[in-house]
Amino acid sequence: MVKDLTEDQKHILLKEGTEPAGTSPLNHEQRIGDYYCIGCDTKLFESKKKYDSGSGWPSFFEALPNVFETKIDNSTGLLRTEYHCKKCRGHHGHIFDDGPKPTGKRYCNNGTCLIFKPKI
Ligand SMILES: [Zn+2]
């Protein structure tokens, strides 16, 4: 980790926590730009891959190639695919199969773990 993280950020990135639904200002972010990992500043998502899933978390139908690794999370009794930043190993969210075309994927990402950098 290269940055000083808040307790909330550490809880999610390092302990696989989840922010309460609907709390991230990034839910409503619609500007053109890119989303970076708060732990290591790796570019993870582009705004053109973001969509409004109605879930209460920032949602993307595709991530940049090769930035995440996944593992199966059975912590709630439901099998879910969880993903981590490859570089800093920070936990970001879960991938679901109910996303829009063309991928059909939904990257359900904690907004707490993202930095949005608008393109000017
Ligand atoms: Zn990272």
# chains A, B, ... in the order shown; residues from 1 in each chain; ligands from 1

call {"tool": "residues_near_ligand", "arguments": {"ligand": "ligand 1", "cutoff": "10 Å", "atoms": "only C-alpha atoms and all ligand atoms", "output": "PyMOL selection string"}}
result
chain A and resi 1-2+13+36-44+67-68+84-92+113-114

call {"tool": "write_last_selection", "arguments": {"atoms": "C-alpha atoms", "output": "compact mmCIF listing (two decimals), in the first residue's frame"}}
result
# COMPACT_ATOMS: atom_id res chain seq x y z
CA MET A 1 0.00 0.00 0.00
CA VAL A 2 1.41 3.32 -0.97
CA LEU A 13 -9.31 -3.53 1.02
CA TYR A 36 -8.09 3.84 -9.98
CA CYS A 37 -7.29 1.58 -7.03
CA ILE A 38 -7.10 3.55 -3.81
CA GLY A 39 -4.42 1.20 -2.51
CA CYS A 40 -1.90 1.40 -5.34
CA ASP A 41 -3.17 3.84 -7.98
CA THR A 42 -3.56 1.17 -10.66
CA LYS A 43 -6.13 2.06 -13.32
CA LEU A 44 -8.96 -0.45 -13.01
CA VAL A 67 -5.74 -5.91 -13.17
CA PHE A 68 -7.70 -8.27 -10.93
CA HIS A 84 -8.70 -8.36 -5.66
CA CYS A 85 -6.31 -5.84 -7.16
CA LYS A 86 -3.41 -7.81 -8.59
CA LYS A 87 -0.85 -5.24 -7.60
CA CYS A 88 -1.72 -4.38 -3.98
CA ARG A 89 -4.02 -7.38 -3.28
CA GLY A 90 -6.72 -5.04 -2.04
CA HIS A 91 -10.26 -6.40 -2.07
CA HIS A 92 -12.61 -4.42 -4.31
CA CYS A 113 -11.75 1.61 -2.90
CA LEU A 114 -11.82 3.71 -6.05

call {"tool": "select_by_dssp", "arguments": {"residues": "chain A", "states": "alpha helix (DSSP H)", "output": "mmCIF file with all heavy atoms, in the first residue's frame"}}
result
data_model
loop_
_atom_site.group_PDB
_atom_site.id
_atom_site.type_symbol
_atom_site.label_atom_id
_atom_site.label_comp_id
_atom_site.auth_asym_id
_atom_site.auth_seq_id
_atom_site.Cartn_x
_atom_site.Cartn_y
_atom_site.Cartn_z
ATOM 1 N N GLU A 7 -9.721 4.143 7.976
ATOM 2 C CA GLU A 7 -10.161 2.869 8.571
ATOM 3 C C GLU A 7 -11.164 2.161 7.660
ATOM 4 O O GLU A 7 -11.124 0.949 7.510
ATOM 5 C CB GLU A 7 -10.782 3.114 9.943
ATOM 6 C CG GLU A 7 -9.756 3.459 11.016
ATOM 7 C CD GLU A 7 -8.637 2.416 11.118
ATOM 8 O OE1 GLU A 7 -8.951 1.216 11.193
ATOM 9 O OE2 GLU A 7 -7.455 2.806 11.109
ATOM 10 N N ASP A 8 -12.075 2.935 7.060
ATOM 11 C CA ASP A 8 -13.057 2.343 6.152
ATOM 12 C C ASP A 8 -12.377 1.692 4.953
ATOM 13 O O ASP A 8 -12.730 0.598 4.530
ATOM 14 C CB ASP A 8 -14.022 3.417 5.637
ATOM 15 C CG ASP A 8 -15.064 3.785 6.677
ATOM 16 O OD1 ASP A 8 -15.150 3.071 7.704
ATOM 17 O OD2 ASP A 8 -15.779 4.772 6.459
ATOM 18 N N GLN A 9 -11.411 2.394 4.419
ATOM 19 C CA GLN A 9 -10.713 1.852 3.249
ATOM 20 C C GLN A 9 -9.955 0.581 3.609
ATOM 21 O O GLN A 9 -9.980 -0.406 2.876
ATOM 22 C CB GLN A 9 -9.743 2.910 2.687
ATOM 23 C CG GLN A 9 -10.483 4.052 2.016
ATOM 24 C CD GLN A 9 -9.631 5.287 1.845
ATOM 25 O OE1 GLN A 9 -8.542 5.403 2.395
ATOM 26 N NE2 GLN A 9 -10.132 6.235 1.065
ATOM 27 N N LYS A 10 -9.298 0.606 4.763
ATOM 28 C CA LYS A 10 -8.551 -0.586 5.193
ATOM 29 C C LYS A 10 -9.490 -1.760 5.423
ATOM 30 O O LYS A 10 -9.172 -2.900 5.082
ATOM 31 C CB LYS A 10 -7.802 -0.289 6.498
ATOM 32 C CG LYS A 10 -6.548 0.509 6.311
ATOM 33 C CD LYS A 10 -5.804 0.535 7.635
ATOM 34 C CE LYS A 10 -4.960 1.788 7.730
ATOM 35 N NZ LYS A 10 -4.557 2.081 9.101
ATOM 36 N N HIS A 11 -10.636 -1.462 6.017
ATOM 37 C CA HIS A 11 -11.585 -2.531 6.320
ATOM 38 C C HIS A 11 -11.996 -3.273 5.045
ATOM 39 O O HIS A 11 -12.088 -4.495 5.020
ATOM 40 C CB HIS A 11 -12.821 -1.939 7.009
ATOM 41 C CG HIS A 11 -13.889 -2.940 7.281
ATOM 42 N ND1 HIS A 11 -13.719 -3.978 8.176
ATOM 43 C CD2 HIS A 11 -15.132 -3.092 6.765
ATOM 44 C CE1 HIS A 11 -14.827 -4.713 8.196
ATOM 45 N NE2 HIS A 11 -15.692 -4.202 7.354
ATOM 46 N N ILE A 12 -12.225 -2.518 3.978
ATOM 47 C CA ILE A 12 -12.667 -3.152 2.733
ATOM 48 C C ILE A 12 -11.499 -3.782 1.992
ATOM 49 O O ILE A 12 -11.539 -4.951 1.608
ATOM 50 C CB ILE A 12 -13.397 -2.125 1.851
ATOM 51 C CG1 ILE A 12 -14.668 -1.660 2.565
ATOM 52 C CG2 ILE A 12 -13.730 -2.742 0.494
ATOM 53 C CD1 ILE A 12 -15.339 -0.481 1.939
ATOM 54 N N LEU A 13 -10.431 -3.033 1.822
ATOM 55 C CA LEU A 13 -9.308 -3.528 1.018
ATOM 56 C C LEU A 13 -8.617 -4.719 1.668
ATOM 57 O O LEU A 13 -8.252 -5.681 1.000
ATOM 58 C CB LEU A 13 -8.265 -2.429 0.827
ATOM 59 C CG LEU A 13 -8.567 -1.342 -0.198
ATOM 60 C CD1 LEU A 13 -7.488 -0.276 -0.111
ATOM 61 C CD2 LEU A 13 -8.638 -1.884 -1.613
ATOM 62 N N LEU A 14 -8.426 -4.639 2.980
ATOM 63 C CA LEU A 14 -7.602 -5.649 3.651
ATOM 64 C C LEU A 14 -8.421 -6.735 4.327
ATOM 65 O O LEU A 14 -7.951 -7.838 4.521
ATOM 66 C CB LEU A 14 -6.692 -4.985 4.695
ATOM 67 C CG LEU A 14 -5.867 -3.801 4.194
ATOM 68 C CD1 LEU A 14 -5.053 -3.213 5.328
ATOM 69 C CD2 LEU A 14 -4.970 -4.235 3.053
ATOM 70 N N LYS A 15 -9.656 -6.408 4.688
ATOM 71 C CA LYS A 15 -10.452 -7.382 5.433
ATOM 72 C C LYS A 15 -11.699 -7.800 4.680
ATOM 73 O O LYS A 15 -12.619 -8.387 5.247
ATOM 74 C CB LYS A 15 -10.836 -6.801 6.787
ATOM 75 C CG LYS A 15 -9.608 -6.345 7.569
ATOM 76 C CD LYS A 15 -9.752 -6.559 9.046
ATOM 77 C CE LYS A 15 -8.446 -6.319 9.762
ATOM 78 N NZ LYS A 15 -8.569 -5.330 10.832
#

call {"tool": "closest_residue", "arguments": {"among": "A:Leu5, A:Glu62, A:Ser75, A:Asp52", "to": "A:Lys101", "atoms": "only C-alpha atoms"}}
result
A:Glu62

call {"tool": "closest_residue", "arguments": {"among": "A:Asp98, A:Asp73, A:Asp34, A:Glu82", "to": "A:Phe61", "atoms": "only C-alpha atoms"}}
result
A:Asp98

call {"tool": "closest_residue", "arguments": {"among": "A:Gly93, A:Gly56, A:Gly77, A:Gly22", "to": "A:Asn109", "atoms": "only C-alpha atoms"}}
result
A:Gly93

call {"tool": "atom_distance", "arguments": {"atom1": "atom CA of A:Thr103", "atom2": "atom CA of A:Thr76"}}
result
25.6 Å

call {"tool": "residues_around", "arguments": {"residues": "A:Phe45", "least_positions_apart": "5", "cutoff": "6 Å", "atoms": "only C-alpha atoms", "output": "ChimeraX atom specification"}}
result
/A:34-35,63-64

call {"tool": "atom_distance", "arguments": {"atom1": "atom CA of A:Glu19", "atom2": "atom CA of A:Pro65"}}
result
25.0 Å

call {"tool": "select_by_dssp", "arguments": {"residues": "stretch 10-61 of chain A", "states": "strand (DSSP E or B)", "output": "ChimeraX atom specification"}}
result
/A:33-37,43-46,50-51,59-60

call {"tool": "atom_distance", "arguments": {"atom1": "atom CA of A:Leu26", "atom2": "atom CA of A:Lys119"}}
result
15.2 Å

call {"tool": "closest_residue", "arguments": {"among": "A:Asn27, A:Ile120, A:Asp4, A:Asn66", "to": "A:Lys50", "atoms": "only C-alpha atoms"}}
result
A:Asn27

call {"tool": "closest_residue", "arguments": {"among": "A:Glu69, A:His28, A:Gly33, A:Thr6", "to": "A:Gly54", "atoms": "only C-alpha atoms"}}
result
A:His28

call {"tool": "closest_residue", "arguments": {"among": "A:Thr81, A:Phe116, A:Glu46, A:Thr70", "to": "A:Asp97", "atoms": "only C-alpha atoms"}}
result
A:Thr81
